[in-house]
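Shown here: input_9.tsv, TSV, C-alpha atoms (C1' of nucleotides).
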chain	number	residue	atom	x	y	z
A	291	MET	CA	57.60	-20.70	-11.47
A	292	ILE	CA	57.33	-21.79	-7.89
A	293	THR	CA	59.56	-21.54	-4.85
A	294	ALA	CA	62.32	-24.03	-4.20
A	295	ASP	CA	60.76	-24.73	-0.82
A	296	SER	CA	57.70	-26.23	-2.44
A	297	THR	CA	59.65	-28.76	-4.42
A	298	LYS	CA	62.01	-29.60	-1.60
A	299	ILE	CA	59.37	-31.80	0.04
A	300	LEU	CA	59.43	-33.94	-3.10
A	301	LYS	CA	63.12	-34.69	-2.82
A	302	PHE	CA	62.37	-38.31	-2.07
A	303	LEU	CA	60.64	-38.62	-5.45
A	304	PHE	CA	62.81	-36.85	-7.98
A	305	GLU	CA	66.47	-36.07	-8.68
A	306	GLU	CA	67.76	-32.52	-8.21
A	307	GLU	CA	67.81	-31.72	-11.89
A	308	LEU	CA	64.21	-32.68	-12.40
A	309	LEU	CA	63.21	-30.86	-9.25
A	310	SER	CA	64.59	-27.62	-10.57
A	311	GLU	CA	62.87	-28.18	-13.90
A	312	ILE	CA	59.60	-28.75	-12.10
A	313	GLN	CA	60.25	-25.63	-10.11
A	314	LYS	CA	60.81	-23.61	-13.26
A	315	VAL	CA	57.77	-24.63	-15.25
A	316	SER	CA	55.10	-25.33	-12.67
A	317	GLN	CA	52.56	-23.28	-10.83
A	318	LEU	CA	51.58	-23.71	-7.22
A	319	GLN	CA	47.88	-23.81	-6.67
A	320	LYS	CA	45.95	-23.66	-3.43
A	321	VAL	CA	42.46	-25.01	-3.56
A	322	PRO	CA	39.98	-24.69	-0.69
A	323	LYS	CA	38.00	-27.61	0.63
A	324	GLY	CA	34.93	-28.52	-1.34
A	325	GLU	CA	36.03	-26.93	-4.59
A	326	ILE	CA	35.69	-28.89	-7.80
A	327	MET	CA	39.09	-28.98	-9.48
A	328	ILE	CA	38.28	-30.89	-12.59
A	329	ASP	CA	34.88	-31.88	-13.85
A	330	VAL	CA	33.70	-34.47	-16.32
A	331	GLY	CA	34.36	-33.33	-19.87
A	332	GLU	CA	36.95	-30.72	-19.03
A	333	GLN	CA	40.26	-30.54	-20.82
A	334	VAL	CA	43.24	-31.47	-18.68
A	335	LYS	CA	46.15	-29.11	-19.09
A	336	PHE	CA	48.18	-29.85	-15.99
A	337	ILE	CA	49.52	-32.84	-14.17
A	338	PRO	CA	48.80	-32.29	-10.51
A	339	ILE	CA	51.26	-33.36	-7.84
A	340	LEU	CA	49.80	-33.17	-4.36
A	341	LEU	CA	51.75	-31.35	-1.68
A	342	GLU	CA	49.20	-31.32	1.07
A	343	GLY	CA	45.53	-32.07	1.56
A	344	ALA	CA	43.55	-34.67	-0.29
A	345	ILE	CA	41.46	-34.91	-3.42
A	346	LYS	CA	38.40	-37.06	-3.87
A	347	ILE	CA	37.94	-38.69	-7.26
A	348	VAL	CA	34.39	-39.56	-8.26
A	349	ARG	CA	32.85	-41.06	-11.34
A	350	GLU	CA	29.58	-39.62	-12.60
A	351	ASP	CA	27.13	-41.01	-15.11
A	352	GLU	CA	24.81	-39.15	-17.48
A	353	SER	CA	22.00	-38.92	-14.96
A	354	GLY	CA	24.26	-37.38	-12.36
A	355	GLU	CA	24.71	-40.51	-10.25
A	356	GLU	CA	27.99	-40.45	-8.42
A	357	VAL	CA	30.36	-43.04	-7.03
A	358	LEU	CA	33.52	-42.47	-5.07
A	359	LEU	CA	36.55	-44.04	-6.73
A	360	TYR	CA	39.54	-43.09	-4.60
A	361	TYR	CA	41.48	-40.35	-2.87
A	362	VAL	CA	44.70	-38.74	-4.05
A	363	GLU	CA	47.07	-37.90	-1.22
A	364	PHE	CA	50.50	-36.39	-0.61
A	365	GLY	CA	53.12	-37.10	-3.24
A	366	ASN	CA	50.61	-38.68	-5.57
A	367	THR	CA	49.05	-37.68	-8.81
A	368	CYS	CA	45.83	-38.77	-10.42
A	369	ALA	CA	46.18	-41.58	-12.94
A	370	MET	CA	43.06	-40.58	-14.81
A	371	THR	CA	44.68	-37.23	-15.41
A	372	LEU	CA	47.75	-38.97	-16.74
A	373	ASN	CA	45.52	-40.97	-18.97
A	374	CYS	CA	43.90	-37.85	-20.32
A	375	CYS	CA	47.26	-36.22	-20.89
A	376	LEU	CA	48.56	-39.08	-22.94
A	377	GLU	CA	45.66	-39.25	-25.29
A	378	ASN	CA	44.92	-35.57	-25.02
A	379	SER	CA	41.29	-36.22	-24.19
A	380	THR	CA	38.89	-34.75	-21.67
A	381	SER	CA	38.36	-35.86	-18.10
A	382	GLU	CA	36.21	-38.89	-17.39
A	383	ILE	CA	36.04	-38.09	-13.73
A	384	ARG	CA	35.40	-35.30	-11.28
A	385	ALA	CA	37.98	-34.23	-8.74
A	386	ILE	CA	36.81	-32.52	-5.56
A	387	CYS	CA	38.99	-31.18	-2.78
A	388	GLU	CA	38.47	-33.15	0.37
A	389	LYS	CA	40.45	-30.69	2.49
A	390	ASP	CA	42.29	-27.46	1.81
A	391	THR	CA	44.88	-28.54	-0.66
A	392	SER	CA	48.02	-27.29	-2.33
A	393	ILE	CA	49.19	-28.74	-5.57
A	394	ILE	CA	52.02	-28.35	-8.01
A	395	MET	CA	50.61	-28.04	-11.50
A	396	VAL	CA	52.96	-29.27	-14.19
A	397	PRO	CA	51.98	-28.35	-17.76
A	398	VAL	CA	51.25	-31.54	-19.69
A	399	SER	CA	53.66	-30.56	-22.45
A	400	PHE	CA	56.59	-31.70	-20.30
A	401	MET	CA	55.16	-35.14	-19.79
A	402	ASP	CA	56.79	-36.81	-22.82
A	403	LYS	CA	60.17	-35.20	-22.55
A	404	TRP	CA	60.54	-36.08	-18.89
A	405	LEU	CA	59.42	-39.64	-19.45
A	406	VAL	CA	62.38	-40.05	-21.76
A	407	ASN	CA	64.90	-38.03	-19.78
A	408	TYR	CA	64.24	-38.83	-16.16
A	409	ARG	CA	64.15	-42.24	-14.61
A	410	SER	CA	62.56	-40.86	-11.44
A	411	TRP	CA	59.74	-39.34	-13.47
A	412	ARG	CA	59.09	-42.64	-15.21
A	413	ASN	CA	59.02	-44.42	-11.87
A	414	PHE	CA	56.71	-41.81	-10.47
A	415	ILE	CA	54.26	-42.13	-13.33
A	416	PHE	CA	54.29	-45.91	-13.42
A	417	GLN	CA	54.05	-46.24	-9.68
A	418	ASN	CA	51.07	-43.95	-9.67
A	419	TYR	CA	49.37	-45.89	-12.42
A	420	GLN	CA	49.84	-49.02	-10.42
A	421	ASP	CA	48.59	-47.53	-7.17
A	422	ARG	CA	45.52	-45.95	-8.71
A	423	LEU	CA	44.70	-49.13	-10.57
A	424	ASN	CA	44.84	-51.06	-7.34
A	425	GLU	CA	42.59	-48.52	-5.68
A	426	MET	CA	40.14	-48.89	-8.51
A	427	LEU	CA	40.15	-52.65	-8.04
A	428	LYS	CA	39.37	-52.13	-4.40
A	429	ALA	CA	36.51	-49.85	-5.37
A	430	ILE	CA	35.14	-52.43	-7.78
A	431	ASP	CA	35.45	-55.21	-5.23
A	432	SER	CA	33.64	-53.08	-2.72
A	433	LEU	CA	30.85	-52.30	-5.18
A	434	THR	CA	30.29	-55.83	-6.35
A	435	PHE	CA	31.08	-58.01	-3.37
A	436	LEU	CA	30.32	-56.02	-0.28
A	437	LYS	CA	26.97	-55.26	1.23
A	438	LEU	CA	26.18	-51.65	1.90
A	439	ASP	CA	26.92	-51.85	5.61
A	440	GLU	CA	30.42	-53.13	4.92
A	441	ARG	CA	30.96	-50.53	2.24
A	442	LEU	CA	29.92	-47.90	4.73
A	443	ARG	CA	32.47	-49.17	7.25
A	444	ASN	CA	35.20	-49.07	4.63
A	445	TYR	CA	34.12	-45.63	3.60
A	446	LEU	CA	34.31	-44.26	7.12
A	447	LYS	CA	37.68	-45.89	7.66
A	448	GLU	CA	39.14	-44.42	4.45
A	449	LYS	CA	37.67	-41.04	5.12
A	450	SER	CA	39.05	-40.81	8.64
A	451	LYS	CA	42.42	-41.96	7.37
A	452	VAL	CA	42.50	-39.24	4.74
A	453	ALA	CA	41.29	-36.62	7.19
A	454	ASP	CA	43.68	-37.93	9.81
A	455	ASP	CA	40.88	-37.61	12.32
A	456	SER	CA	38.51	-40.11	13.94
A	457	THR	CA	35.77	-37.49	14.06
A	458	LEU	CA	34.35	-36.82	10.64
A	459	GLU	CA	32.43	-33.77	9.54
A	460	VAL	CA	29.98	-35.23	7.09
A	461	THR	CA	26.27	-35.31	6.53
A	462	HIS	CA	24.45	-38.55	5.90
A	463	LEU	CA	23.49	-37.16	2.52
A	464	ASP	CA	27.14	-36.65	1.57
A	465	ILE	CA	27.86	-40.26	2.36
A	466	ALA	CA	24.83	-41.41	0.45
A	467	THR	CA	25.97	-39.64	-2.72
A	468	ASP	CA	29.52	-40.95	-2.38
A	469	LEU	CA	28.23	-44.49	-2.07
A	470	ASN	CA	25.46	-43.92	-4.56
A	471	SER	CA	22.80	-44.82	-2.04
A	472	SER	CA	20.04	-42.86	-0.34
A	473	ARG	CA	20.17	-40.77	2.79
A	474	VAL	CA	17.52	-42.73	4.67
A	475	VAL	CA	19.37	-45.98	4.24
A	476	ILE	CA	22.65	-44.48	5.41
A	477	SER	CA	20.96	-42.90	8.41
A	478	ARG	CA	19.54	-46.26	9.41
A	479	LEU	CA	22.81	-48.11	8.99
A	480	LEU	CA	24.63	-45.47	11.00
A	481	LYS	CA	21.99	-45.64	13.72
A	482	GLN	CA	22.51	-49.37	13.83
A	483	MET	CA	26.28	-48.92	14.06
A	484	GLU	CA	25.76	-46.45	16.86
A	485	ASN	CA	23.70	-48.98	18.78
A	486	GLU	CA	26.48	-51.51	18.32
A	487	GLY	CA	28.87	-48.96	19.78
A	488	GLU	CA	30.93	-48.60	16.60
A	489	VAL	CA	30.30	-44.89	16.16
A	490	SER	CA	28.66	-41.98	17.87
A	491	LEU	CA	26.55	-39.57	15.89
A	492	GLY	CA	25.82	-35.88	16.00
A	493	ARG	CA	24.63	-33.27	13.57
A	494	ASN	CA	27.26	-33.15	10.83
A	495	THR	CA	29.60	-35.35	12.81
A	496	ILE	CA	30.43	-39.00	13.06
A	497	LYS	CA	32.88	-40.16	15.66
A	498	ILE	CA	34.50	-43.50	15.01
A	499	LYS	CA	35.33	-45.57	18.07
A	500	TYR	CA	37.76	-48.39	17.76
B	102	DA	C1'	10.15	-15.71	14.76
B	103	DC	C1'	10.72	-17.95	10.56
B	104	DA	C1'	13.02	-20.64	6.93
B	105	DT	C1'	16.31	-23.99	5.88
B	106	DT	C1'	18.85	-28.04	6.41
B	107	DA	C1'	20.02	-32.47	8.87
B	108	DA	C1'	18.45	-36.52	10.78
B	109	DG	C1'	14.85	-40.03	12.55
B	110	DT	C1'	10.83	-43.15	11.57
B	111	DG	C1'	6.90	-46.07	9.80
B	112	DA	C1'	4.95	-47.92	5.92
B	113	DT	C1'	5.32	-49.69	1.24
B	114	DT	C1'	7.61	-51.89	-2.71
C	292	DA	C1'	17.86	-51.56	-0.04
C	293	DA	C1'	15.15	-47.82	-1.94
C	294	DT	C1'	11.39	-44.50	-1.86
C	295	DC	C1'	7.64	-41.79	0.14
C	296	DA	C1'	5.72	-39.06	3.33
C	297	DC	C1'	6.06	-36.99	7.46
C	298	DT	C1'	8.23	-35.53	12.07
C	299	DT	C1'	11.68	-33.63	15.00
C	300	DA	C1'	15.81	-31.20	15.95
C	301	DA	C1'	19.45	-28.00	15.07
C	302	DT	C1'	21.09	-23.92	12.78
C	303	DG	C1'	21.10	-19.58	10.17
C	304	DT	C1'	18.96	-14.89	9.18
Using structure tokens, write down the structure that the file contains.
Amino acid sequence: MITADSTKILKFLFEEELLSEIQKVSQLQKVPKGEIMIDVGEQVKFIPILLEGAIKIVREDESGEEVLLYYVEFGNTCAMTLNCCLENSTSEIRAICEKDTSIIMVPVSFMDKWLVNYRSWRNFIFQNYQDRLNEMLKAIDSLTFLKLDERLRNYLKEKSKVADDSTLEVTHLDIATDLNSSRVVISRLLKQMENEGEVSLGRNTIKIKY
DNA sequence: ACATTAAGTGATT
DNA sequence: AATCACTTAATGT
């Protein structure tokens, strides 16, 4: 059970009836920045709907190599989670909180019923599938077609968009792991970008100038 | 003051 | 573009 206030912000997504159902069966969860919400191999029991903050979705291979896939923002849910719910399998990805985040957790058991009963729920699910799939395509394009310096630019742009801030608090190492590269290389590229006047650098901070 | 962590650099593959 | 080895600088205890 959660407060009506929490669901009110989602009015643009769902009809009243569904909203009150969501309100009845869900839990509100606040997760601090940096916390791992779901890790590879974990069972997914809830469908998350984001109220505020942002979640970073990364893929990890056996040897612990990481790549950033996409961010989940307000009013969205994670398609991989949906995927897991449908086939009742474990998570293929890791979800990390990018900022302090609050989420509505809907138990997966309602998934099927609502798909049948509520048009707005169907739309929500399908729309999210579509959006996430597109994001994944972007990620693949970036990986296969772009050189590292261009990927880095995209990365910084995305990150500052999600943070809603042109000054990022990140270490070069963080970036390197997100892009599956090495710290030294990132440092050098950033230095280069700084010389070109694209960014200015400080310890733990990158300011993007446009 | 000392240890730890972040970032810069030259050389090598 | 990655890795190594090392330096310098900033921060925490």
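With CA of Thr371 in chain A on one side and CA of Cys387 in chain A on the other, the separation reads 15.1 Å.
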To one decimal place in Å, what is the distance between CA of Val475 in chain A and C1' of DA104 in chain B? 26.3 Å
C1' of DT110 in chain B and CA of Ser490 in chain A are how many Å apart? 18.9 Å
When you get a sec, could you note down which chain A residues fall within 9 Å of chain B, using all atoms listed in the file, as an MDAnalysis selection string? chainID A and resid 461:463 474 477:478 493:494
Compute the chain C side of the contact with chain A at 10 Å, counting only C-alpha atoms (C1' of nucleotides), and hand it back as an MDAnalysis selection string. chainID C and resid 292:294 300:301
Using all atoms listed in the file, which protein or nucleic acid residues come within 9 Å of Cys368 in chain A? Drop anything in the same chain fewer than 2 positions from it, and give the result as a PDB file with C-alpha atoms, in the coordinates of the input.
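Dumped to selection_20.pdb:
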ATOM      1  CA  ILE A 337      49.520 -32.840 -14.170  1.00  0.00           C
ATOM      2  CA  PRO A 338      48.800 -32.290 -10.510  1.00  0.00           C
ATOM      3  CA  ILE A 339      51.260 -33.360  -7.840  1.00  0.00           C
ATOM      4  CA  ILE A 347      37.940 -38.690  -7.260  1.00  0.00           C
ATOM      5  CA  TYR A 361      41.480 -40.350  -2.870  1.00  0.00           C
ATOM      6  CA  VAL A 362      44.700 -38.740  -4.050  1.00  0.00           C
ATOM      7  CA  ASN A 366      50.610 -38.680  -5.570  1.00  0.00           C
ATOM      8  CA  MET A 370      43.060 -40.580 -14.810  1.00  0.00           C
ATOM      9  CA  THR A 371      44.680 -37.230 -15.410  1.00  0.00           C
ATOM     10  CA  LEU A 372      47.750 -38.970 -16.740  1.00  0.00           C
ATOM     11  CA  ASN A 373      45.520 -40.970 -18.970  1.00  0.00           C
ATOM     12  CA  ASN A 418      51.070 -43.950  -9.670  1.00  0.00           C
ATOM     13  CA  TYR A 419      49.370 -45.890 -12.420  1.00  0.00           C
ATOM     14  CA  ARG A 422      45.520 -45.950  -8.710  1.00  0.00           C
TER      15      ARG A 422
END
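Here the question is which of A:Glu350, A:Val334, A:Ile394, A:Gln417 gets nearest to Ala294 in chain A using only C-alpha atoms, and that residue is A:Ile394.
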